[in-house]
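Everything below belongs to start.txt, which stores compact mmCIF, C-alpha atoms.
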```txt
# COMPACT_ATOMS: atom_id res chain seq x y z
CA MET N 1 -16.74 -66.03 30.03
CA SER N 2 -16.15 -65.16 26.42
CA ASP N 3 -12.70 -64.69 24.91
CA VAL N 4 -13.56 -61.25 23.51
CA ALA N 5 -10.85 -58.69 24.27
CA THR N 6 -12.24 -56.00 26.56
CA PHE N 7 -10.83 -52.64 27.50
CA ASN N 8 -11.30 -50.66 30.67
CA ALA N 9 -11.87 -47.09 29.53
CA HIS N 10 -11.19 -45.81 33.04
CA PRO N 11 -7.46 -45.47 33.71
CA ALA N 12 -6.09 -46.45 37.11
CA VAL N 13 -4.78 -42.95 37.70
CA ALA N 14 -7.13 -40.00 37.94
CA VAL N 15 -7.37 -37.98 34.73
CA GLN N 16 -9.53 -35.02 33.91
CA ALA N 17 -12.65 -36.05 32.01
CA GLU N 18 -14.94 -33.55 30.32
CA SER N 19 -18.60 -33.87 29.46
CA PRO N 20 -19.68 -33.07 25.88
CA LEU N 21 -21.20 -29.88 27.30
CA ALA N 22 -17.92 -28.63 28.80
CA ILE N 23 -17.54 -26.02 26.06
CA SER N 24 -21.21 -25.00 25.76
CA ARG N 25 -21.91 -21.33 26.23
CA ILE N 26 -25.19 -20.40 27.87
CA THR N 27 -26.63 -17.46 25.95
CA VAL N 28 -30.04 -17.21 27.60
CA ALA N 29 -31.01 -15.55 30.88
CA THR N 30 -30.97 -18.17 33.63
CA LEU N 31 -32.20 -18.04 37.22
CA THR N 32 -29.83 -18.32 40.17
CA SER N 33 -31.90 -20.92 42.04
CA ALA N 34 -34.44 -23.65 41.35
CA GLN N 35 -36.92 -21.66 43.43
CA GLY N 36 -39.67 -20.50 41.10
CA ALA N 37 -38.00 -21.92 38.00
CA GLY N 38 -40.34 -23.44 35.44
CA VAL N 39 -37.62 -25.73 34.17
CA CYS N 40 -34.55 -27.11 35.87
CA VAL N 41 -31.83 -28.52 33.59
CA ARG N 42 -29.16 -30.80 34.96
CA GLU N 43 -26.58 -32.86 33.14
CA HIS N 44 -25.69 -36.30 34.44
CA ALA N 45 -22.30 -36.41 32.78
CA LEU N 46 -19.93 -39.33 32.22
CA LEU N 47 -22.33 -42.13 33.17
CA GLY N 48 -21.66 -45.63 31.85
CA HIS N 49 -23.68 -46.47 28.73
CA LEU N 50 -23.71 -49.94 27.18
CA ILE N 51 -25.55 -51.28 24.16
CA LEU N 52 -26.59 -54.91 24.49
CA ARG N 53 -27.59 -56.98 21.46
CA GLY N 54 -29.07 -60.45 21.63
CA ARG N 55 -32.07 -62.66 20.98
CA ALA N 56 -35.03 -61.80 23.20
CA ALA N 57 -36.54 -65.22 22.41
CA ASP N 58 -33.51 -66.96 23.99
CA GLU N 59 -34.40 -67.84 27.57
CA GLY N 60 -30.73 -68.20 28.57
CA PHE N 61 -30.01 -64.70 27.30
CA ARG N 62 -32.87 -63.14 29.26
CA ALA N 63 -31.91 -65.02 32.43
CA GLY N 64 -28.22 -64.08 32.00
CA VAL N 65 -29.02 -60.39 31.69
CA GLU N 66 -31.18 -60.53 34.78
CA VAL N 67 -28.37 -62.20 36.72
CA ALA N 68 -25.78 -59.66 35.52
CA LEU N 69 -27.88 -56.53 36.05
CA GLY N 70 -30.35 -57.54 38.73
CA LEU N 71 -33.11 -56.15 36.53
CA PRO N 72 -35.55 -57.90 34.19
CA LEU N 73 -34.95 -57.39 30.47
CA PRO N 74 -37.82 -55.31 29.03
CA LEU N 75 -39.28 -57.22 26.08
CA LYS N 76 -41.26 -54.44 24.44
CA MET N 77 -41.03 -50.76 23.60
CA GLY N 78 -41.91 -48.44 26.47
CA PRO N 79 -41.41 -49.61 30.05
CA VAL N 80 -37.85 -48.99 31.29
CA SER N 81 -36.45 -51.42 33.89
CA ARG N 82 -34.87 -49.26 36.53
CA ASP N 83 -33.29 -49.55 39.96
CA ALA N 84 -33.15 -45.92 41.06
CA GLU N 85 -31.18 -46.77 44.20
CA ARG N 86 -28.31 -48.36 42.27
CA GLY N 87 -28.69 -45.96 39.34
CA VAL N 88 -29.05 -48.81 36.83
CA SER N 89 -31.57 -48.88 34.02
CA VAL N 90 -32.30 -51.03 30.97
CA GLN N 91 -34.38 -49.82 28.05
CA TRP N 92 -35.76 -51.67 25.03
CA MET N 93 -34.37 -49.93 21.93
CA SER N 94 -35.33 -52.44 19.26
CA PRO N 95 -36.40 -56.12 19.21
CA ASP N 96 -32.75 -57.19 19.64
CA GLU N 97 -31.15 -54.13 21.23
CA TRP N 98 -31.15 -52.63 24.73
CA LEU N 99 -29.55 -49.56 26.29
CA ILE N 100 -28.04 -50.05 29.74
CA VAL N 101 -27.11 -47.00 31.82
CA VAL N 102 -25.01 -47.47 34.96
CA PRO N 103 -23.31 -45.01 37.34
CA GLN N 104 -19.98 -43.44 36.39
CA GLY N 105 -17.08 -45.88 36.43
CA GLU N 106 -19.22 -49.01 36.66
CA ASP N 107 -19.47 -49.70 32.92
CA TYR N 108 -16.44 -51.95 32.70
CA ALA N 109 -17.50 -54.13 35.64
CA THR N 110 -21.05 -54.32 34.22
CA GLU N 111 -19.70 -55.37 30.82
CA ALA N 112 -17.58 -58.07 32.50
CA ARG N 113 -20.61 -59.35 34.45
CA LEU N 114 -22.66 -59.52 31.24
CA ARG N 115 -19.92 -61.42 29.42
CA GLU N 116 -19.66 -63.76 32.39
CA ALA N 117 -23.39 -64.48 32.44
CA LEU N 118 -24.06 -64.63 28.69
CA SER N 119 -23.00 -67.07 26.03
CA GLY N 120 -23.75 -67.71 22.37
CA HIS N 121 -24.96 -65.01 19.99
CA TYR N 122 -24.86 -61.64 21.73
CA ALA N 123 -22.86 -58.41 21.78
CA VAL N 124 -22.02 -55.77 24.38
CA MET N 125 -20.81 -52.37 23.20
CA GLN N 126 -19.31 -49.59 25.27
CA VAL N 127 -20.93 -46.31 24.16
CA SER N 128 -20.31 -44.16 27.25
CA GLY N 129 -18.33 -41.62 25.25
CA ALA N 130 -21.01 -41.32 22.59
CA GLN N 131 -23.85 -39.89 24.62
CA THR N 132 -24.77 -37.93 27.69
CA VAL N 133 -27.82 -37.58 29.92
CA LEU N 134 -29.77 -34.37 30.46
CA GLU N 135 -32.42 -34.17 33.14
CA LEU N 136 -35.34 -31.80 32.70
CA SER N 137 -37.57 -31.19 35.67
CA GLY N 138 -40.04 -28.62 36.88
CA PRO N 139 -43.65 -27.70 36.14
CA SER N 140 -42.89 -26.49 32.59
CA ALA N 141 -40.56 -29.31 31.51
CA LEU N 142 -43.49 -30.98 29.74
CA ALA N 143 -44.25 -27.79 27.80
CA VAL N 144 -40.62 -27.56 26.64
CA LEU N 145 -40.71 -31.12 25.34
CA MET N 146 -44.09 -30.61 23.70
CA LYS N 147 -42.87 -27.69 21.65
CA SER N 148 -39.57 -29.36 20.78
CA ALA N 149 -40.75 -32.80 19.63
CA GLY N 150 -43.61 -34.31 17.66
CA TYR N 151 -44.16 -37.22 20.03
CA ASP N 152 -47.28 -37.37 22.21
CA PHE N 153 -46.13 -36.61 25.77
CA HIS N 154 -49.61 -36.65 27.30
CA PRO N 155 -49.64 -38.89 30.44
CA ARG N 156 -52.26 -41.03 28.67
CA ASN N 157 -49.59 -41.98 26.12
CA PHE N 158 -46.44 -41.33 28.15
CA PRO N 159 -46.83 -42.55 31.76
CA VAL N 160 -44.03 -42.39 34.32
CA GLY N 161 -41.52 -45.17 33.64
CA LYS N 162 -41.87 -45.11 29.86
CA GLY N 163 -38.96 -44.44 27.50
CA VAL N 164 -38.94 -43.89 23.74
CA SER N 165 -36.45 -43.07 21.03
CA THR N 166 -37.82 -40.25 18.92
CA THR N 167 -37.11 -36.95 17.18
CA LEU N 168 -36.29 -33.89 19.25
CA ALA N 169 -35.64 -30.46 17.79
CA LYS N 170 -34.75 -31.78 14.29
CA SER N 171 -32.32 -34.17 15.99
CA THR N 172 -32.93 -37.38 17.90
CA ALA N 173 -33.03 -38.33 21.56
CA VAL N 174 -34.02 -41.13 23.88
CA ILE N 175 -36.64 -39.59 26.15
CA ARG N 176 -37.75 -41.15 29.43
CA ARG N 177 -40.28 -40.04 31.99
CA VAL N 178 -38.72 -40.56 35.40
CA GLY N 179 -41.37 -38.78 37.47
CA GLU N 180 -44.53 -36.74 36.95
CA ALA N 181 -42.45 -33.63 36.20
CA GLN N 182 -39.05 -35.20 35.68
CA TRP N 183 -37.61 -36.32 32.34
CA GLU N 184 -34.36 -37.87 31.23
CA LEU N 185 -32.98 -37.18 27.75
CA ILE N 186 -30.17 -39.34 26.43
CA ILE N 187 -28.57 -37.37 23.63
CA ARG N 188 -25.70 -37.98 21.25
CA ARG N 189 -22.39 -36.35 21.98
CA SER N 190 -22.23 -34.63 18.59
CA PHE N 191 -25.69 -33.09 19.10
CA ALA N 192 -25.24 -32.39 22.82
CA ASP N 193 -24.25 -28.73 22.50
CA TYR N 194 -27.01 -28.00 19.97
CA LEU N 195 -29.74 -29.76 21.96
CA TYR N 196 -28.61 -28.29 25.28
CA ARG N 197 -28.77 -24.78 23.89
CA TRP N 198 -32.08 -25.51 22.13
CA LEU N 199 -33.59 -26.71 25.41
CA LEU N 200 -32.26 -23.71 27.35
CA ASP N 201 -33.62 -21.37 24.69
CA ALA N 202 -36.99 -23.16 24.73
CA SER N 203 -37.06 -23.03 28.55
CA GLU N 204 -36.13 -19.37 28.91
CA GLU N 205 -39.73 -18.12 28.80
CA TYR N 206 -40.69 -20.31 31.80
CA GLY N 207 -37.64 -19.33 33.86
CA VAL N 208 -34.79 -21.80 33.64
CA PHE N 209 -32.28 -22.87 36.25
CA VAL N 210 -29.15 -24.79 35.27
CA ALA N 211 -28.15 -27.09 38.13
CA ARG N 212 -24.47 -27.99 38.36
CA MET Y 1 -48.05 -35.86 8.08
CA LEU Y 2 -48.63 -39.58 8.00
CA HIS Y 3 -49.17 -41.34 11.29
CA ILE Y 4 -47.47 -44.70 10.83
CA TYR Y 5 -47.88 -47.78 13.00
CA CYS Y 6 -44.53 -49.50 13.64
CA PRO Y 7 -45.17 -53.24 14.18
CA HIS Y 8 -41.93 -53.57 16.17
CA CYS Y 9 -42.55 -50.63 18.53
CA ASP Y 10 -46.26 -51.47 18.64
CA GLU Y 11 -47.15 -47.81 18.44
CA HIS Y 12 -48.12 -45.05 15.98
CA ARG Y 13 -45.30 -42.59 15.28
CA GLU Y 14 -44.84 -39.45 13.19
CA GLU Y 15 -43.78 -39.80 9.57
CA GLU Y 16 -40.63 -37.81 10.41
CA GLU Y 17 -39.27 -40.88 12.23
CA PHE Y 18 -39.46 -43.09 9.13
CA ARG Y 19 -37.81 -43.49 5.74
CA SER Y 20 -39.49 -45.06 2.76
CA LYS Y 21 -37.33 -47.81 1.26
CA GLY Y 22 -39.19 -48.76 -1.93
CA GLU Y 23 -41.00 -51.84 -3.09
CA ALA Y 24 -41.36 -54.80 -0.73
CA HIS Y 25 -41.31 -58.55 -1.42
CA ILE Y 26 -38.58 -58.42 -4.08
CA ALA Y 27 -37.35 -61.99 -4.33
CA ARG Y 28 -33.69 -62.53 -5.15
CA PRO Y 29 -33.27 -65.19 -7.87
CA PRO Y 30 -32.39 -68.35 -5.90
CA GLU Y 31 -29.51 -69.21 -8.26
CA PRO Y 32 -27.86 -65.92 -9.29
CA GLU Y 33 -25.31 -67.73 -11.50
CA SER Y 34 -27.94 -69.44 -13.57
CA ALA Y 35 -30.42 -66.53 -13.65
CA SER Y 36 -30.90 -64.95 -17.09
CA ASP Y 37 -29.65 -61.41 -17.61
CA GLU Y 38 -33.24 -60.28 -17.93
CA ASP Y 39 -34.27 -61.87 -14.60
CA TRP Y 40 -31.23 -60.43 -12.85
CA GLY Y 41 -31.81 -57.00 -14.37
CA ASN Y 42 -35.45 -57.08 -13.31
CA TYR Y 43 -34.39 -58.05 -9.79
CA LEU Y 44 -31.80 -55.28 -9.53
CA PHE Y 45 -33.35 -52.35 -11.37
CA PHE Y 46 -37.01 -52.69 -12.28
CA ARG Y 47 -39.64 -51.65 -9.74
CA LYS Y 48 -43.40 -51.49 -9.76
CA ASN Y 49 -44.96 -48.04 -9.82
CA PRO Y 50 -48.63 -48.78 -9.35
CA ARG Y 51 -51.48 -46.32 -9.19
CA GLY Y 52 -53.33 -47.55 -6.14
CA LEU Y 53 -52.37 -50.39 -3.82
CA HIS Y 54 -48.63 -50.79 -3.22
CA HIS Y 55 -46.61 -52.95 -0.83
CA GLU Y 56 -43.59 -51.00 0.37
CA GLN Y 57 -40.69 -51.32 2.78
CA TRP Y 58 -40.33 -48.65 5.43
CA PHE Y 59 -37.53 -48.08 7.92
CA HIS Y 60 -38.08 -46.78 11.46
CA ALA Y 61 -34.90 -44.69 11.30
CA VAL Y 62 -35.26 -42.76 14.55
CA GLY Y 63 -37.06 -45.41 16.61
CA CYS Y 64 -36.18 -49.09 16.59
CA ARG Y 65 -34.11 -48.90 13.36
CA LYS Y 66 -35.89 -51.92 11.90
CA PHE Y 67 -37.53 -52.49 8.54
CA PHE Y 68 -41.19 -53.38 8.15
CA ASN Y 69 -43.74 -53.53 5.34
CA VAL Y 70 -46.56 -51.15 4.58
CA THR Y 71 -49.55 -51.59 2.28
CA ARG Y 72 -50.34 -48.10 1.05
CA ASP Y 73 -52.67 -46.57 -1.50
CA THR Y 74 -50.48 -44.36 -3.70
CA VAL Y 75 -53.49 -42.26 -4.75
CA SER Y 76 -55.00 -41.45 -1.36
CA TYR Y 77 -51.80 -42.04 0.69
CA GLU Y 78 -53.94 -44.15 3.00
CA ILE Y 79 -51.95 -46.78 4.90
CA LEU Y 80 -54.05 -49.92 4.92
CA GLU Y 81 -51.80 -52.11 7.08
CA THR Y 82 -48.26 -52.53 8.35
CA TYR Y 83 -46.63 -55.89 9.02
CA LYS Y 84 -43.26 -57.35 9.91
CA PRO Y 85 -40.75 -58.61 7.32
CA GLY Y 86 -41.38 -62.24 6.45
CA GLN Y 87 -45.13 -61.86 6.87
CA GLN Y 88 -47.54 -61.64 3.96
CA PRO Y 89 -49.97 -58.74 3.43
CA VAL Y 90 -53.62 -59.26 4.31
CA VAL Y 91 -54.80 -56.40 2.09
CA THR Y 92 -53.88 -57.09 -1.55
CA ALA Y 93 -55.19 -55.97 -4.93
CA GLU Y 94 -57.00 -59.29 -5.18
CA SER Y 95 -58.56 -59.06 -1.72
CA ARG Y 96 -59.65 -55.51 -2.44
CA ASN Y 97 -61.18 -56.35 -5.83
CA GLY Y 98 -62.22 -59.74 -4.51
CA SER Y 99 -65.22 -58.36 -2.67
CA ALA Y 100 -66.34 -56.55 -5.84
CA SER Y 101 -65.92 -59.65 -8.04
CA ASP Y 102 -67.72 -61.74 -5.43
CA LYS Y 103 -70.66 -59.44 -5.77
CA GLY Y 104 -70.36 -59.77 -9.51
CA ALA Y 105 -70.38 -63.55 -9.20
CA ALA Y 106 -73.49 -63.41 -7.01
CA LYS Y 107 -75.37 -61.68 -9.80
```

Whole structure given in structure tokens:
Amino acid sequence: MSDVATFNAHPAVAVQAESPLAISRITVATLTSAQGAGVCVREHALLGHLILRGRAADEGFRAGVEVALGLPLPLKMGPVSRDAERGVSVQWMSPDEWLIVVPQGEDYATEARLREALSGHYAVMQVSGAQTVLELSGPSALAVLMKSAGYDFHPRNFPVGKGVSTTLAKSTAVIRRVGEAQWELIIRRSFADYLYRWLLDASEEYGVFVAR
Amino acid sequence: MLHIYCPHCDEHREEEEFRSKGEAHIARPPEPESASDEDWGNYLFFRKNPRGLHHEQWFHAVGCRKFFNVTRDTVSYEILETYKPGQQPVVTAESRNGSASDKGAAK
């Protein structure tokens, strides 16, 4: 265990927490049910996000991460390690950087497990407050992404399970394909309102349902 | 739009994801204290501006946020290769002209 001072961002008493989209106004016509909607938008708010830095070449580091997360550390761009049942995922962001997403409230325990299992030159950063997750699903979700970003979303280049960090609507996002017609966008807090409204506006023509 | 291959991401990406960061392979004088003013000035301020083959640094700002090197033709904009920092270019002015001079030597 390292002697780095850590901080549990979740207070013992219940307090009201708001997602970055709490103040967003929806200005497009939305459907009242997912039935017949081309695109379904759902926010997965207040999840635990951690940035892990370390040396991929270090065997001890890779083994430690696997012990702490129960998932293998992805060593190249693209394939996201994911345990859908536990809601834990690890994505390669750069040769020495990974994004870990865990269910709400589990970030502090995950950080502690990582610090327990790792030693030497590494870093764990708590970024839960900096970003949020939007889920796009439905038959037209792909069309919305294709007209909003320059990346090649064709299944040939973007199979299920892949995740990339790229440009989206003049901003940036981490985009992951969870299922054939299901996508996960990890967006920055400061751009959340803009991107949310962009995506709703882009989805309006296909019929959009906002799940809450 | 340029389609640039990032050697870290192992994939071609849109130019929009990258930033050009100027000339590559600029060596810092090993002993700054004993370097002449001219050498230090050249290191800090003077850059090549070739017409033709150029080795440049690029930054994958929106992707992996890592630097890498690009060998690019400044006339045609053609990217001849990309490689990681610390590696040496395969395509150089010499290797490009080399084939021509080889032919010349054969005559």

* Got a sec to pull out which chain N residues are within 10 Å of chain Y, counting all atoms listed in the file, and send them as a list in words? ->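 Written out as asked, the residues are Lys76, Met77, Gly78, Trp92, Met93, Ser94, Pro95, Asp96, Glu97, Gly150, Tyr151, Asp152, Asn157, Val164, Ser165, Thr166, Thr167, Lys170, Ser171, Thr172, Ala173 and Val174 of chain N.
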
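Reported to one decimal place, the separation of atom CA of N:Leu75 from atom CA of N:Val133 is 23.1 Å.
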
Got a sec: who's within 9 Å of N:Leu134, counting all atoms listed in the file, leaving out chain neighbours fewer than 4 positions off, as a short mmCIF file (atom, residue, chain, number, x, y, z; two decimals) with C-alpha atoms, in the coordinates of the input?
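Generated file (around.cif):
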```cif
data_model
loop_
_atom_site.label_atom_id
_atom_site.label_comp_id
_atom_site.auth_asym_id
_atom_site.auth_seq_id
_atom_site.Cartn_x
_atom_site.Cartn_y
_atom_site.Cartn_z
CA VAL N 41 -31.83 -28.52 33.59
CA ARG N 42 -29.16 -30.80 34.96
CA GLU N 43 -26.58 -32.86 33.14
CA HIS N 44 -25.69 -36.30 34.44
CA ALA N 45 -22.30 -36.41 32.78
CA TRP N 183 -37.61 -36.32 32.34
CA GLU N 184 -34.36 -37.87 31.23
CA LEU N 185 -32.98 -37.18 27.75
CA ILE N 186 -30.17 -39.34 26.43
CA ILE N 187 -28.57 -37.37 23.63
CA TYR N 196 -28.61 -28.29 25.28
#
```

* Do you have the atom CA of N:Arg115-atom CA of N:Val90 distance handy? ->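 According to the coordinates, atom CA of N:Arg115 and atom CA of N:Val90 are separated by 16.2 Å.
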
* To do: Quick one: residues within 10 Å of (-29.5, -52.3, 26.3) (file frame), counting only C-alpha atoms, please, as number ranges by chain.
  => N: 49-54, 65, 73-74, 89-94, 96-101, 124-125

Any idea what's packed within 12 Å of N:Val144, counting all atoms listed in the file, ignoring anything in its chain fewer than 2 positions away? Could you give it as a PDB file with C-alpha atoms, in the frame of the given file?
```
ATOM      1  CA  GLY N  38     -40.340 -23.440  35.440  1.00  0.00           C
ATOM      2  CA  VAL N  39     -37.620 -25.730  34.170  1.00  0.00           C
ATOM      3  CA  CYS N  40     -34.550 -27.110  35.870  1.00  0.00           C
ATOM      4  CA  VAL N  41     -31.830 -28.520  33.590  1.00  0.00           C
ATOM      5  CA  LEU N 136     -35.340 -31.800  32.700  1.00  0.00           C
ATOM      6  CA  SER N 137     -37.570 -31.190  35.670  1.00  0.00           C
ATOM      7  CA  GLY N 138     -40.040 -28.620  36.880  1.00  0.00           C
ATOM      8  CA  PRO N 139     -43.650 -27.700  36.140  1.00  0.00           C
ATOM      9  CA  SER N 140     -42.890 -26.490  32.590  1.00  0.00           C
ATOM     10  CA  ALA N 141     -40.560 -29.310  31.510  1.00  0.00           C
ATOM     11  CA  LEU N 142     -43.490 -30.980  29.740  1.00  0.00           C
ATOM     12  CA  MET N 146     -44.090 -30.610  23.700  1.00  0.00           C
ATOM     13  CA  LYS N 147     -42.870 -27.690  21.650  1.00  0.00           C
ATOM     14  CA  SER N 148     -39.570 -29.360  20.780  1.00  0.00           C
ATOM     15  CA  ALA N 149     -40.750 -32.800  19.630  1.00  0.00           C
ATOM     16  CA  GLY N 150     -43.610 -34.310  17.660  1.00  0.00           C
ATOM     17  CA  PHE N 153     -46.130 -36.610  25.770  1.00  0.00           C
ATOM     18  CA  LEU N 168     -36.290 -33.890  19.250  1.00  0.00           C
ATOM     19  CA  ALA N 169     -35.640 -30.460  17.790  1.00  0.00           C
ATOM     20  CA  ALA N 181     -42.450 -33.630  36.200  1.00  0.00           C
ATOM     21  CA  GLN N 182     -39.050 -35.200  35.680  1.00  0.00           C
ATOM     22  CA  TRP N 183     -37.610 -36.320  32.340  1.00  0.00           C
ATOM     23  CA  TRP N 198     -32.080 -25.510  22.130  1.00  0.00           C
ATOM     24  CA  LEU N 199     -33.590 -26.710  25.410  1.00  0.00           C
ATOM     25  CA  LEU N 200     -32.260 -23.710  27.350  1.00  0.00           C
ATOM     26  CA  ASP N 201     -33.620 -21.370  24.690  1.00  0.00           C
ATOM     27  CA  ALA N 202     -36.990 -23.160  24.730  1.00  0.00           C
ATOM     28  CA  SER N 203     -37.060 -23.030  28.550  1.00  0.00           C
ATOM     29  CA  GLU N 204     -36.130 -19.370  28.910  1.00  0.00           C
ATOM     30  CA  GLU N 205     -39.730 -18.120  28.800  1.00  0.00           C
ATOM     31  CA  TYR N 206     -40.690 -20.310  31.800  1.00  0.00           C
ATOM     32  CA  GLY N 207     -37.640 -19.330  33.860  1.00  0.00           C
ATOM     33  CA  VAL N 208     -34.790 -21.800  33.640  1.00  0.00           C
TER      34      VAL N 208
END
```

* Length of the atom CA of Y:Pro32 to atom CA of Y:Thr71 vector [Å] ->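 Interatomic distance here is 28.5 Å.
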
* Would you list the contacts of stretch 53-57 of chain Y as a VMD selection string, taking every protein, DNA or RNA residue within 12 Å and counting only C-alpha atoms, but skipping same-chain residues closer than 2 positions in sequence? => chain Y and resid 6 18 to 26 47 to 51 59 to 60 66 to 97

* **Close residues, Y:Pro29 itself excluded, 9 Å, only C-alpha atoms, min 3 positions apart in chain, as a PyMOL selection string** => chain Y and resi 32+34-35+39-40+43
